[in-house]
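Structure data follow from query.json (JSON, C-alpha atoms):
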[["chain", "number", "residue", "atom", "x", "y", "z"],
["E", 27, "MET", "CA", 41.71, 70.86, 36.78],
["E", 28, "SER", "CA", 42.74, 73.80, 34.60],
["E", 29, "VAL", "CA", 46.02, 73.42, 32.76],
["E", 30, "ALA", "CA", 48.07, 76.36, 31.46],
["E", 31, "GLU", "CA", 50.83, 76.25, 28.86],
["E", 32, "TYR", "CA", 54.11, 78.08, 29.34],
["E", 33, "VAL", "CA", 57.40, 78.71, 27.60],
["E", 34, "LEU", "CA", 60.59, 78.84, 29.63],
["E", 35, "THR", "CA", 63.83, 80.14, 28.13],
["E", 36, "LEU", "CA", 67.08, 80.22, 30.03],
["E", 37, "SER", "CA", 70.82, 80.67, 29.78],
["E", 38, "CYS", "CA", 73.51, 79.93, 32.33],
["E", 39, "PRO", "CA", 77.15, 78.87, 32.57],
["E", 40, "ASP", "CA", 77.43, 75.47, 30.90],
["E", 41, "ARG", "CA", 77.78, 72.60, 33.38],
["E", 42, "PRO", "CA", 76.54, 69.03, 33.76],
["E", 43, "GLY", "CA", 73.04, 68.51, 35.10],
["E", 44, "VAL", "CA", 71.19, 71.61, 33.89],
["E", 45, "VAL", "CA", 68.68, 69.68, 31.76],
["E", 46, "ALA", "CA", 68.13, 67.19, 34.57],
["E", 47, "ALA", "CA", 67.58, 69.99, 37.09],
["E", 48, "VAL", "CA", 65.03, 71.75, 34.88],
["E", 49, "SER", "CA", 63.11, 68.60, 33.94],
["E", 50, "SER", "CA", 63.11, 67.33, 37.55],
["E", 51, "LEU", "CA", 61.72, 70.65, 38.81],
["E", 52, "LEU", "CA", 58.93, 70.57, 36.24],
["E", 53, "SER", "CA", 58.13, 66.95, 37.07],
["E", 54, "ARG", "CA", 57.89, 67.70, 40.81],
["E", 55, "HIS", "CA", 55.27, 70.37, 40.05],
["E", 56, "GLY", "CA", 53.20, 68.04, 37.85],
["E", 57, "CYS", "CA", 54.23, 69.73, 34.60],
["E", 58, "ASN", "CA", 54.41, 67.97, 31.24],
["E", 59, "ILE", "CA", 57.12, 68.95, 28.73],
["E", 60, "THR", "CA", 55.74, 69.21, 25.19],
["E", 61, "GLU", "CA", 58.82, 70.65, 23.47],
["E", 62, "SER", "CA", 62.45, 71.04, 24.51],
["E", 63, "GLN", "CA", 65.57, 72.34, 22.76],
["E", 64, "GLN", "CA", 69.01, 73.16, 24.09],
["E", 65, "PHE", "CA", 72.45, 74.27, 22.97],
["E", 66, "GLY", "CA", 75.82, 74.55, 24.65],
["E", 67, "ASP", "CA", 78.09, 77.23, 23.18],
["E", 68, "ARG", "CA", 81.67, 76.04, 23.54],
["E", 69, "GLU", "CA", 83.08, 79.49, 22.82],
["E", 70, "SER", "CA", 81.12, 81.41, 25.43],
["E", 71, "GLU", "CA", 80.76, 78.36, 27.69],
["E", 72, "ARG", "CA", 77.09, 79.16, 28.17],
["E", 73, "PHE", "CA", 74.13, 76.83, 27.99],
["E", 74, "PHE", "CA", 70.81, 77.82, 26.35],
["E", 75, "MET", "CA", 67.47, 76.08, 26.64],
["E", 76, "ARG", "CA", 63.85, 76.52, 25.58],
["E", 77, "VAL", "CA", 61.16, 74.38, 27.18],
["E", 78, "GLN", "CA", 57.44, 74.43, 26.41],
["E", 79, "PHE", "CA", 55.25, 72.69, 28.96],
["E", 80, "THR", "CA", 51.78, 72.40, 30.45],
["E", 81, "SER", "CA", 51.28, 72.96, 34.16],
["E", 82, "PRO", "CA", 48.47, 72.38, 36.64],
["E", 83, "VAL", "CA", 49.92, 75.00, 39.00],
["E", 84, "GLY", "CA", 49.83, 78.77, 38.65],
["E", 85, "GLU", "CA", 52.45, 80.98, 37.02],
["E", 86, "ASP", "CA", 53.55, 82.50, 40.32],
["E", 87, "GLU", "CA", 54.34, 79.07, 41.77],
["E", 88, "VAL", "CA", 56.29, 77.99, 38.68],
["E", 89, "ARG", "CA", 58.18, 81.29, 38.58],
["E", 90, "ALA", "CA", 59.10, 81.08, 42.26],
["E", 91, "ALA", "CA", 60.40, 77.55, 41.80],
["E", 92, "PHE", "CA", 62.61, 78.59, 38.90],
["E", 93, "ALA", "CA", 63.85, 81.66, 40.75],
["E", 94, "ALA", "CA", 65.32, 79.37, 43.40],
["E", 95, "LEU", "CA", 66.91, 77.13, 40.76],
["E", 96, "ALA", "CA", 68.22, 80.19, 38.89],
["E", 97, "SER", "CA", 70.04, 81.36, 41.97],
["E", 98, "ASP", "CA", 71.79, 77.99, 42.34],
["E", 99, "LEU", "CA", 72.81, 77.75, 38.67],
["E", 100, "ARG", "CA", 73.49, 81.48, 38.02],
["E", 101, "MET", "CA", 70.69, 81.26, 35.48],
["E", 102, "GLU", "CA", 68.88, 84.00, 33.60],
["E", 103, "PHE", "CA", 65.38, 82.94, 32.63],
["E", 104, "GLN", "CA", 62.08, 84.14, 31.19],
["E", 105, "LEU", "CA", 58.68, 82.52, 31.69],
["E", 106, "ARG", "CA", 55.61, 83.35, 29.60],
["E", 107, "ASP", "CA", 52.06, 82.12, 29.74],
["E", 108, "LEU", "CA", 51.12, 81.28, 26.15],
["E", 109, "ALA", "CA", 47.59, 82.52, 26.79],
["E", 110, "ARG", "CA", 48.98, 86.07, 26.74],
["E", 111, "LYS", "CA", 49.70, 87.30, 23.23],
["E", 112, "PRO", "CA", 52.81, 89.49, 22.85],
["E", 113, "LYS", "CA", 51.99, 93.13, 22.11],
["E", 114, "VAL", "CA", 53.79, 94.51, 19.05],
["E", 115, "LEU", "CA", 54.27, 98.06, 17.82],
["E", 116, "ILE", "CA", 55.29, 98.42, 14.16],
["E", 117, "MET", "CA", 57.27, 101.38, 12.84],
["E", 118, "VAL", "CA", 57.21, 102.08, 9.10],
["E", 119, "SER", "CA", 57.87, 104.86, 6.61],
["E", 120, "ARG", "CA", 56.43, 104.68, 3.07],
["E", 121, "PHE", "CA", 57.29, 101.15, 1.86],
["E", 122, "ASP", "CA", 54.27, 99.03, 2.78],
["E", 123, "HIS", "CA", 55.26, 95.46, 1.84],
["E", 124, "CYS", "CA", 56.56, 94.34, 5.23],
["E", 125, "LEU", "CA", 53.75, 96.04, 7.14],
["E", 126, "ASN", "CA", 51.09, 94.57, 4.84],
["E", 127, "ASP", "CA", 52.62, 91.10, 5.14],
["E", 128, "LEU", "CA", 52.77, 91.23, 8.95],
["E", 129, "LEU", "CA", 49.19, 92.47, 9.25],
["E", 130, "TYR", "CA", 47.96, 89.70, 6.94],
["E", 131, "ARG", "CA", 49.83, 87.03, 8.90],
["E", 132, "VAL", "CA", 48.33, 88.29, 12.14],
["E", 133, "ARG", "CA", 44.81, 88.37, 10.67],
["E", 134, "SER", "CA", 45.21, 84.85, 9.22],
["E", 135, "GLY", "CA", 46.57, 83.45, 12.48],
["E", 136, "ALA", "CA", 50.05, 82.69, 11.13],
["E", 137, "LEU", "CA", 51.47, 85.08, 13.74],
["E", 138, "ASP", "CA", 50.07, 84.68, 17.23],
["E", 139, "LEU", "CA", 50.49, 88.22, 18.47],
["E", 140, "GLU", "CA", 48.64, 91.51, 18.83],
["E", 141, "VAL", "CA", 49.66, 94.55, 16.79],
["E", 142, "VAL", "CA", 48.63, 97.34, 19.15],
["E", 143, "ALA", "CA", 49.73, 100.32, 17.03],
["E", 144, "VAL", "CA", 51.63, 101.47, 13.96],
["E", 145, "VAL", "CA", 53.94, 104.49, 14.08],
["E", 146, "SER", "CA", 55.14, 106.28, 10.95],
["E", 147, "ASN", "CA", 56.99, 109.43, 10.05],
["E", 148, "HIS", "CA", 54.62, 109.74, 7.05],
["E", 149, "PRO", "CA", 50.81, 109.68, 6.79],
["E", 150, "ASP", "CA", 50.69, 107.39, 3.73],
["E", 151, "LEU", "CA", 49.90, 104.05, 5.39],
["E", 152, "ARG", "CA", 47.10, 105.21, 7.67],
["E", 153, "PRO", "CA", 44.32, 103.70, 5.47],
["E", 154, "LEU", "CA", 46.03, 100.30, 5.33],
["E", 155, "THR", "CA", 46.59, 100.24, 9.08],
["E", 156, "GLN", "CA", 43.14, 101.42, 10.04],
["E", 157, "SER", "CA", 41.52, 98.88, 7.70],
["E", 158, "HIS", "CA", 42.84, 96.30, 10.18],
["E", 159, "GLY", "CA", 41.35, 98.23, 13.10],
["E", 160, "ILE", "CA", 44.77, 99.28, 14.42],
["E", 161, "ASP", "CA", 45.74, 102.69, 15.81],
["E", 162, "TYR", "CA", 47.98, 104.75, 13.52],
["E", 163, "HIS", "CA", 50.28, 107.43, 14.90],
["E", 164, "HIS", "CA", 51.82, 109.88, 12.45],
["E", 165, "LEU", "CA", 54.97, 111.22, 14.12],
["E", 166, "PRO", "CA", 57.00, 113.32, 11.65],
["E", 167, "VAL", "CA", 60.69, 113.65, 12.40],
["E", 168, "THR", "CA", 63.51, 116.02, 11.47],
["E", 169, "PRO", "CA", 67.02, 116.22, 12.92],
["E", 170, "GLU", "CA", 65.81, 119.04, 15.16],
["E", 171, "THR", "CA", 62.66, 117.23, 16.38],
["E", 172, "LYS", "CA", 64.19, 113.75, 16.68],
["E", 173, "PRO", "CA", 64.53, 113.76, 20.53],
["E", 174, "LYS", "CA", 60.90, 114.86, 20.95],
["E", 175, "GLN", "CA", 59.65, 112.37, 18.36],
["E", 176, "GLU", "CA", 61.51, 109.48, 19.96],
["E", 177, "ALA", "CA", 60.16, 110.47, 23.38],
["E", 178, "GLU", "CA", 56.66, 110.18, 21.88],
["E", 179, "VAL", "CA", 57.55, 106.72, 20.53],
["E", 180, "LEU", "CA", 58.68, 105.62, 23.99],
["E", 181, "ALA", "CA", 55.49, 107.03, 25.50],
["E", 182, "LEU", "CA", 53.49, 104.85, 23.10],
["E", 183, "VAL", "CA", 55.60, 101.80, 24.01],
["E", 184, "GLU", "CA", 54.70, 102.37, 27.66],
["E", 185, "ARG", "CA", 51.07, 103.26, 26.95],
["E", 186, "TYR", "CA", 50.42, 100.09, 24.96],
["E", 187, "GLN", "CA", 52.66, 97.94, 27.20],
["E", 188, "VAL", "CA", 54.61, 96.88, 24.13],
["E", 189, "ASP", "CA", 56.70, 93.70, 24.21],
["E", 190, "LEU", "CA", 58.32, 94.11, 20.78],
["E", 191, "VAL", "CA", 58.98, 96.99, 18.37],
["E", 192, "VAL", "CA", 59.31, 96.01, 14.70],
["E", 193, "LEU", "CA", 60.99, 98.34, 12.22],
["E", 194, "ALA", "CA", 59.20, 97.27, 9.03],
["E", 195, "ARG", "CA", 61.22, 99.41, 6.62],
["E", 196, "TYR", "CA", 61.30, 102.40, 8.93],
["E", 197, "MET", "CA", 63.74, 104.62, 7.10],
["E", 198, "GLN", "CA", 65.11, 106.47, 10.09],
["E", 199, "VAL", "CA", 68.13, 105.74, 12.25],
["E", 200, "LEU", "CA", 67.19, 105.36, 15.91],
["E", 201, "SER", "CA", 69.26, 107.29, 18.43],
["E", 202, "GLU", "CA", 71.69, 105.52, 20.72],
["E", 203, "GLU", "CA", 69.43, 106.35, 23.67],
["E", 204, "LEU", "CA", 66.33, 104.80, 22.08],
["E", 205, "CYS", "CA", 68.31, 101.72, 20.98],
["E", 206, "ALA", "CA", 69.46, 101.22, 24.57],
["E", 207, "LYS", "CA", 65.92, 101.49, 25.95],
["E", 208, "LEU", "CA", 64.62, 98.98, 23.38],
["E", 209, "SER", "CA", 67.57, 96.60, 23.69],
["E", 210, "GLY", "CA", 66.56, 93.02, 22.93],
["E", 211, "ARG", "CA", 63.02, 93.98, 22.00],
["E", 212, "ALA", "CA", 63.35, 95.81, 18.68],
["E", 213, "ILE", "CA", 63.83, 94.07, 15.32],
["E", 214, "ASN", "CA", 64.92, 95.67, 12.04],
["E", 215, "ILE", "CA", 64.95, 94.41, 8.44],
["E", 216, "HIS", "CA", 67.27, 95.46, 5.63],
["E", 217, "HIS", "CA", 68.36, 94.20, 2.23],
["E", 218, "SER", "CA", 71.59, 92.25, 1.84],
["E", 219, "PHE", "CA", 73.44, 94.78, -0.29],
["E", 220, "LEU", "CA", 74.84, 96.69, 2.65],
["E", 221, "PRO", "CA", 77.52, 97.91, 2.88],
["E", 222, "SER", "CA", 78.27, 97.56, -0.86],
["E", 223, "PHE", "CA", 75.27, 99.45, -2.23],
["E", 224, "LYS", "CA", 74.28, 102.28, 0.10],
["E", 225, "GLY", "CA", 71.88, 105.11, -0.44],
["E", 226, "ALA", "CA", 69.20, 105.49, -3.10],
["E", 227, "LYS", "CA", 68.13, 102.74, -5.50],
["E", 228, "PRO", "CA", 70.22, 99.85, -4.15],
["E", 229, "TYR", "CA", 68.54, 97.41, -6.53],
["E", 230, "HIS", "CA", 69.56, 99.53, -9.50],
["E", 231, "GLN", "CA", 73.12, 99.57, -8.17],
["E", 232, "ALA", "CA", 73.01, 95.80, -7.72],
["E", 233, "HIS", "CA", 71.66, 95.33, -11.24],
["E", 234, "ASP", "CA", 74.50, 97.41, -12.66],
["E", 235, "ARG", "CA", 76.98, 95.13, -10.88],
["E", 236, "GLY", "CA", 75.28, 91.94, -12.08],
["E", 237, "VAL", "CA", 74.48, 90.46, -8.69],
["E", 238, "LYS", "CA", 73.33, 86.83, -8.61],
["E", 239, "LEU", "CA", 71.85, 86.72, -5.10],
["E", 240, "ILE", "CA", 69.32, 88.95, -3.38],
["E", 241, "GLY", "CA", 68.92, 88.63, 0.36],
["E", 242, "ALA", "CA", 67.61, 90.20, 3.52],
["E", 243, "THR", "CA", 68.69, 90.27, 7.17],
["E", 244, "ALA", "CA", 66.51, 90.61, 10.25],
["E", 245, "HIS", "CA", 68.38, 91.56, 13.39],
["E", 246, "TYR", "CA", 68.01, 93.17, 16.78],
["E", 247, "VAL", "CA", 68.43, 96.92, 16.79],
["E", 248, "THR", "CA", 71.58, 98.34, 18.36],
["E", 249, "SER", "CA", 73.32, 101.71, 18.24],
["E", 250, "HIS", "CA", 75.64, 100.26, 15.59],
["E", 251, "LEU", "CA", 73.65, 100.71, 12.38],
["E", 252, "ASP", "CA", 72.54, 97.39, 10.83],
["E", 253, "GLU", "CA", 75.05, 95.45, 12.93],
["E", 254, "GLY", "CA", 72.84, 94.03, 15.69],
["E", 255, "PRO", "CA", 72.61, 90.30, 16.52],
["E", 256, "ILE", "CA", 71.21, 88.49, 13.49],
["E", 257, "ILE", "CA", 67.98, 86.51, 13.90],
["E", 258, "GLU", "CA", 67.27, 85.36, 10.34],
["E", 259, "GLN", "CA", 68.56, 85.73, 6.77],
["E", 260, "GLU", "CA", 67.16, 84.62, 3.44],
["E", 261, "VAL", "CA", 68.36, 84.73, -0.19],
["E", 262, "ALA", "CA", 66.89, 84.32, -3.68],
["E", 263, "ARG", "CA", 68.83, 83.66, -6.88],
["E", 264, "VAL", "CA", 68.56, 86.15, -9.74],
["E", 265, "ASN", "CA", 70.19, 86.41, -13.16],
["E", 266, "HIS", "CA", 70.97, 88.69, -16.09],
["E", 267, "SER", "CA", 67.37, 88.61, -17.36],
["E", 268, "HIS", "CA", 65.99, 90.39, -14.29],
["E", 269, "SER", "CA", 65.45, 94.13, -14.55],
["E", 270, "PRO", "CA", 66.04, 96.47, -11.58],
["E", 271, "GLU", "CA", 62.28, 96.43, -11.06],
["E", 272, "ASP", "CA", 62.31, 92.60, -10.99],
["E", 273, "LEU", "CA", 65.09, 92.66, -8.42],
["E", 274, "ALA", "CA", 63.17, 95.10, -6.26],
["E", 275, "ALA", "CA", 60.04, 92.93, -6.41],
["E", 276, "ILE", "CA", 62.00, 89.81, -5.45],
["E", 277, "GLY", "CA", 63.69, 91.81, -2.71],
["E", 278, "ARG", "CA", 60.34, 92.86, -1.25],
["E", 279, "ASP", "CA", 59.26, 89.22, -1.01],
["E", 280, "VAL", "CA", 62.54, 88.18, 0.63],
["E", 281, "GLU", "CA", 62.39, 91.06, 3.11],
["E", 282, "SER", "CA", 58.79, 90.27, 4.07],
["E", 283, "LEU", "CA", 59.48, 86.57, 4.60],
["E", 284, "THR", "CA", 62.67, 87.17, 6.59],
["E", 285, "LEU", "CA", 61.08, 89.72, 8.88],
["E", 286, "ALA", "CA", 57.99, 87.56, 9.45],
["E", 287, "ARG", "CA", 60.14, 84.62, 10.51],
["E", 288, "ALA", "CA", 62.18, 86.77, 12.89],
["E", 289, "VAL", "CA", 59.05, 88.24, 14.46],
["E", 290, "LYS", "CA", 57.45, 84.80, 14.79],
["E", 291, "TRP", "CA", 60.52, 83.26, 16.43],
["E", 292, "HIS", "CA", 60.99, 86.19, 18.80],
["E", 293, "THR", "CA", 57.35, 86.27, 19.92],
["E", 294, "GLU", "CA", 57.43, 82.50, 20.43],
["E", 295, "GLN", "CA", 60.55, 82.99, 22.58],
["E", 296, "ARG", "CA", 62.70, 80.95, 20.22],
["E", 297, "VAL", "CA", 65.53, 83.52, 20.08],
["E", 298, "LEU", "CA", 68.09, 83.88, 22.86],
["E", 299, "LEU", "CA", 70.88, 86.45, 22.86],
["E", 300, "ASP", "CA", 74.41, 85.07, 23.03],
["E", 301, "GLY", "CA", 76.64, 88.13, 23.17],
["E", 302, "HIS", "CA", 76.75, 89.66, 19.67],
["E", 303, "LYS", "CA", 74.92, 86.71, 18.11],
["E", 304, "THR", "CA", 71.77, 84.71, 18.72],
["E", 305, "VAL", "CA", 70.73, 81.16, 19.46],
["E", 306, "VAL", "CA", 67.54, 80.33, 17.53],
["E", 307, "PHE", "CA", 65.35, 77.31, 18.25],
["E", 308, "PRO", "CA", 62.94, 77.18, 15.27],
["E", 309, "ARG", "CA", 60.16, 74.62, 15.22]]

Write the structure described by the file as structure tokens, please.
Amino acid sequence: MSVAEYVLTLSCPDRPGVVAAVSSLLSRHGCNITESQQFGDRESERFFMRVQFTSPVGEDEVRAAFAALASDLRMEFQLRDLARKPKVLIMVSRFDHCLNDLLYRVRSGALDLEVVAVVSNHPDLRPLTQSHGIDYHHLPVTPETKPKQEAEVLALVERYQVDLVVLARYMQVLSEELCAKLSGRAINIHHSFLPSFKGAKPYHQAHDRGVKLIGATAHYVTSHLDEGPIIEQEVARVNHSHSPEDLAAIGRDVESLTLARAVKWHTEQRVLLDGHKTVVFPR
């Protein structure tokens, strides 16, 4: 008998019996739960759950069973067969540290996903991308050509059947229209100095102010710049002996690690949206 492994994520109005209903349904279909996490948000009065399980029955049968339960419990749910790797498109400008880190983690097996293409508004990172056997699309952009360029990005998302778009230091602001079309499936990374140190050379500005912490934030992309629901944050301590160049180097490491965690958790369906924030179920 062939056995498939699935991940189920769900949210619904919080009420007694949700866990029992989910586990009973899985048991009736011969499924075996291998991992389960849940959280009830008292403020929003919503319940969130992630269940990983093996099943002797097909995906269509499991999905149909949960569709009936979802109707009864006013539940929103997603079901994914773990045999299917999420397809990721990475957008980048000239800074290569996050891109390089993600590609290495994919090649080493630390990230279980498929990078189907890289899009950039500059040609600089074509050799790095193609060395991994990945398609590189150079799509320059100006204020005048932005609508056309973003339409080309969306065409690539559809062409490659992309599940997630990752902005790995893509130094362009996405339009409100593109943000809406990628809602819940686009992740951005930025340093922690916003909004204090905007513009050019933020690490030099931070050095001049004697900062003691360097951090990074990975969040979902929304039309409100750098204000989307936060997935992960990380910090590193620094001191007076660090030069602006030292701070920038530490910042690159923190940004790469933070983005990699956010991408991993999203593609493993460990992140659930809860209004303007997230519920994260890390392993």

Hey, can you pull every residue with an atom no more than 12 Å from (60.3, 94.5, -5.8), using all atoms listed in the file, and send it as an mmCIF file with C-alpha atoms, keeping the file's coordinate frame?
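To be explicit, this is the file written out as part.cif:
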data_model
loop_
_atom_site.group_PDB
_atom_site.id
_atom_site.type_symbol
_atom_site.label_atom_id
_atom_site.label_comp_id
_atom_site.auth_asym_id
_atom_site.auth_seq_id
_atom_site.Cartn_x
_atom_site.Cartn_y
_atom_site.Cartn_z
ATOM 1 C CA PHE E 121 57.290 101.150 1.860
ATOM 2 C CA ASP E 122 54.270 99.030 2.780
ATOM 3 C CA HIS E 123 55.260 95.460 1.840
ATOM 4 C CA CYS E 124 56.560 94.340 5.230
ATOM 5 C CA HIS E 217 68.360 94.200 2.230
ATOM 6 C CA LYS E 227 68.130 102.740 -5.500
ATOM 7 C CA PRO E 228 70.220 99.850 -4.150
ATOM 8 C CA TYR E 229 68.540 97.410 -6.530
ATOM 9 C CA HIS E 230 69.560 99.530 -9.500
ATOM 10 C CA ILE E 240 69.320 88.950 -3.380
ATOM 11 C CA HIS E 268 65.990 90.390 -14.290
ATOM 12 C CA SER E 269 65.450 94.130 -14.550
ATOM 13 C CA PRO E 270 66.040 96.470 -11.580
ATOM 14 C CA GLU E 271 62.280 96.430 -11.060
ATOM 15 C CA ASP E 272 62.310 92.600 -10.990
ATOM 16 C CA LEU E 273 65.090 92.660 -8.420
ATOM 17 C CA ALA E 274 63.170 95.100 -6.260
ATOM 18 C CA ALA E 275 60.040 92.930 -6.410
ATOM 19 C CA ILE E 276 62.000 89.810 -5.450
ATOM 20 C CA GLY E 277 63.690 91.810 -2.710
ATOM 21 C CA ARG E 278 60.340 92.860 -1.250
ATOM 22 C CA ASP E 279 59.260 89.220 -1.010
ATOM 23 C CA VAL E 280 62.540 88.180 0.630
ATOM 24 C CA GLU E 281 62.390 91.060 3.110
ATOM 25 C CA SER E 282 58.790 90.270 4.070
#

Could you give me the axis-aligned bounding box of segment 82-99 of chain E, with 5 Å of padding per side, as centre plus edge lengths in Å to one decimal, as JSON?
{"center_x": 60.6, "center_y": 77.4, "center_z": 40.0, "size_x": 34.3, "size_y": 20.1, "size_z": 16.8}

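Note that the spacing between atom CA of Val305 of chain E and atom CA of Leu52 of chain E amounts to 23.1 Å.
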
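The protein and nucleic acid residues lying at most 7 Å from segment 197-209 of chain E are E:Ser119, E:Val247, E:Thr248, E:Ser249, with all atoms listed in the file considered and sequence neighbours fewer than 6 positions away removed.
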
Shell of 9 Å around Leu129 of chain E, only C-alpha atoms, local chain residues under 6 positions omitted, as a VMD selection string: chain E and resid 137 141 155 158

Residues within 12 Å of (56.3, 105.4, 13.8), file coords, all atoms listed in the file, listed as number ranges by chain: E: 115-120, 125, 143-152, 155, 161-167, 172, 175-183, 191-200

From E:Ile59, E:Ala109, E:Ala46, E:Val29, residue lying nearest Pro82 of chain E [all atoms listed in the file]: E:Val29

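When only C-alpha atoms are used to compute distances to Arg110 of chain E, the closest of the residues E:Leu34, E:Leu285, E:Leu139, E:Ala212 turns out to be E:Leu139.
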
One-decimal distance in Å that lies between atom CA of Glu102 of chain E and atom CA of Pro39 of chain E: 9.8 Å

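Proximity ranking of E:Gly43, E:Phe307, E:Arg211, E:Asp86 relative to Val114 of chain E places E:Arg211 first, based on all atoms listed in the file.
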
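Atom CA of Val289 of chain E sits 10.4 Å away from atom CA of Ile215 of chain E.
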
For Pro255 of chain E, the nearest of the candidates E:Val33, E:Ile160, E:Val306, E:Cys38, counting all atoms listed in the file: E:Val306

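With distances taken over all atoms listed in the file, E:Arg76 is the one residue among E:Arg309, E:Arg76, E:His233, E:His216 lying closest to Val45 of chain E.
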
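Residues surrounding Ser70 of chain E within 10 Å are Pro39, Asp40, Asp300 and Gly301 of chain E [all atoms listed in the file; sequence separation below 5 positions excluded].
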
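Using only C-alpha atoms, the nearest neighbour of Asp98 of chain E within the list E:Asn58, E:Arg296, E:Ala47, E:Met75 is E:Ala47.
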
Your completed segment 98-117 of chain E with N, CA and C atoms, as a PDB file, in the coordinates of the input:
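Output file part-v7.pdb is given in full below:
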ATOM      1  N   ASP E  98      70.788  79.055  42.180  1.00  0.00           N
ATOM      2  CA  ASP E  98      71.790  77.990  42.340  1.00  0.00           C
ATOM      3  C   ASP E  98      72.677  77.846  41.111  1.00  0.00           C
ATOM      4  N   LEU E  99      72.081  78.009  39.914  1.00  0.00           N
ATOM      5  CA  LEU E  99      72.810  77.750  38.670  1.00  0.00           C
ATOM      6  C   LEU E  99      73.300  79.018  37.973  1.00  0.00           C
ATOM      7  N   ARG E 100      73.136  80.175  38.630  1.00  0.00           N
ATOM      8  CA  ARG E 100      73.490  81.480  38.020  1.00  0.00           C
ATOM      9  C   ARG E 100      72.794  81.613  36.666  1.00  0.00           C
ATOM     10  N   MET E 101      71.512  81.360  36.688  1.00  0.00           N
ATOM     11  CA  MET E 101      70.690  81.260  35.480  1.00  0.00           C
ATOM     12  C   MET E 101      69.879  82.524  35.260  1.00  0.00           C
ATOM     13  N   GLU E 102      69.819  82.962  34.010  1.00  0.00           N
ATOM     14  CA  GLU E 102      68.880  84.000  33.600  1.00  0.00           C
ATOM     15  C   GLU E 102      67.735  83.313  32.879  1.00  0.00           C
ATOM     16  N   PHE E 103      66.493  83.639  33.259  1.00  0.00           N
ATOM     17  CA  PHE E 103      65.380  82.940  32.630  1.00  0.00           C
ATOM     18  C   PHE E 103      64.202  83.869  32.400  1.00  0.00           C
ATOM     19  N   GLN E 104      63.344  83.462  31.459  1.00  0.00           N
ATOM     20  CA  GLN E 104      62.080  84.140  31.190  1.00  0.00           C
ATOM     21  C   GLN E 104      60.986  83.092  31.132  1.00  0.00           C
ATOM     22  N   LEU E 105      59.832  83.427  31.686  1.00  0.00           N
ATOM     23  CA  LEU E 105      58.680  82.520  31.690  1.00  0.00           C
ATOM     24  C   LEU E 105      57.485  83.277  31.151  1.00  0.00           C
ATOM     25  N   ARG E 106      56.793  82.676  30.174  1.00  0.00           N
ATOM     26  CA  ARG E 106      55.610  83.350  29.600  1.00  0.00           C
ATOM     27  C   ARG E 106      54.449  82.378  29.498  1.00  0.00           C
ATOM     28  N   ASP E 107      53.306  82.854  29.907  1.00  0.00           N
ATOM     29  CA  ASP E 107      52.060  82.120  29.740  1.00  0.00           C
ATOM     30  C   ASP E 107      51.618  82.293  28.287  1.00  0.00           C
ATOM     31  N   LEU E 108      51.458  81.191  27.567  1.00  0.00           N
ATOM     32  CA  LEU E 108      51.120  81.280  26.150  1.00  0.00           C
ATOM     33  C   LEU E 108      49.716  81.829  25.907  1.00  0.00           C
ATOM     34  N   ALA E 109      48.914  81.929  26.951  1.00  0.00           N
ATOM     35  CA  ALA E 109      47.590  82.520  26.790  1.00  0.00           C
ATOM     36  C   ALA E 109      47.679  84.026  26.561  1.00  0.00           C
ATOM     37  N   ARG E 110      48.806  84.621  26.920  1.00  0.00           N
ATOM     38  CA  ARG E 110      48.980  86.070  26.740  1.00  0.00           C
ATOM     39  C   ARG E 110      49.739  86.349  25.448  1.00  0.00           C
ATOM     40  N   LYS E 111      49.066  86.993  24.505  1.00  0.00           N
ATOM     41  CA  LYS E 111      49.700  87.300  23.230  1.00  0.00           C
ATOM     42  C   LYS E 111      50.679  88.461  23.395  1.00  0.00           C
ATOM     43  N   PRO E 112      51.876  88.360  22.823  1.00  0.00           N
ATOM     44  CA  PRO E 112      52.810  89.490  22.850  1.00  0.00           C
ATOM     45  C   PRO E 112      52.220  90.711  22.144  1.00  0.00           C
ATOM     46  N   LYS E 113      52.476  91.883  22.688  1.00  0.00           N
ATOM     47  CA  LYS E 113      51.990  93.130  22.110  1.00  0.00           C
ATOM     48  C   LYS E 113      53.109  93.752  21.274  1.00  0.00           C
ATOM     49  N   VAL E 114      52.794  94.041  20.016  1.00  0.00           N
ATOM     50  CA  VAL E 114      53.790  94.510  19.050  1.00  0.00           C
ATOM     51  C   VAL E 114      53.424  95.880  18.522  1.00  0.00           C
ATOM     52  N   LEU E 115      54.408  96.766  18.471  1.00  0.00           N
ATOM     53  CA  LEU E 115      54.270  98.060  17.820  1.00  0.00           C
ATOM     54  C   LEU E 115      55.141  98.049  16.574  1.00  0.00           C
ATOM     55  N   ILE E 116      54.564  98.419  15.436  1.00  0.00           N
ATOM     56  CA  ILE E 116      55.290  98.420  14.160  1.00  0.00           C
ATOM     57  C   ILE E 116      55.606  99.856  13.763  1.00  0.00           C
ATOM     58  N   MET E 117      56.864 100.082  13.364  1.00  0.00           N
ATOM     59  CA  MET E 117      57.270 101.380  12.840  1.00  0.00           C
ATOM     60  C   MET E 117      57.577 101.229  11.356  1.00  0.00           C
TER      61      MET E 117
END
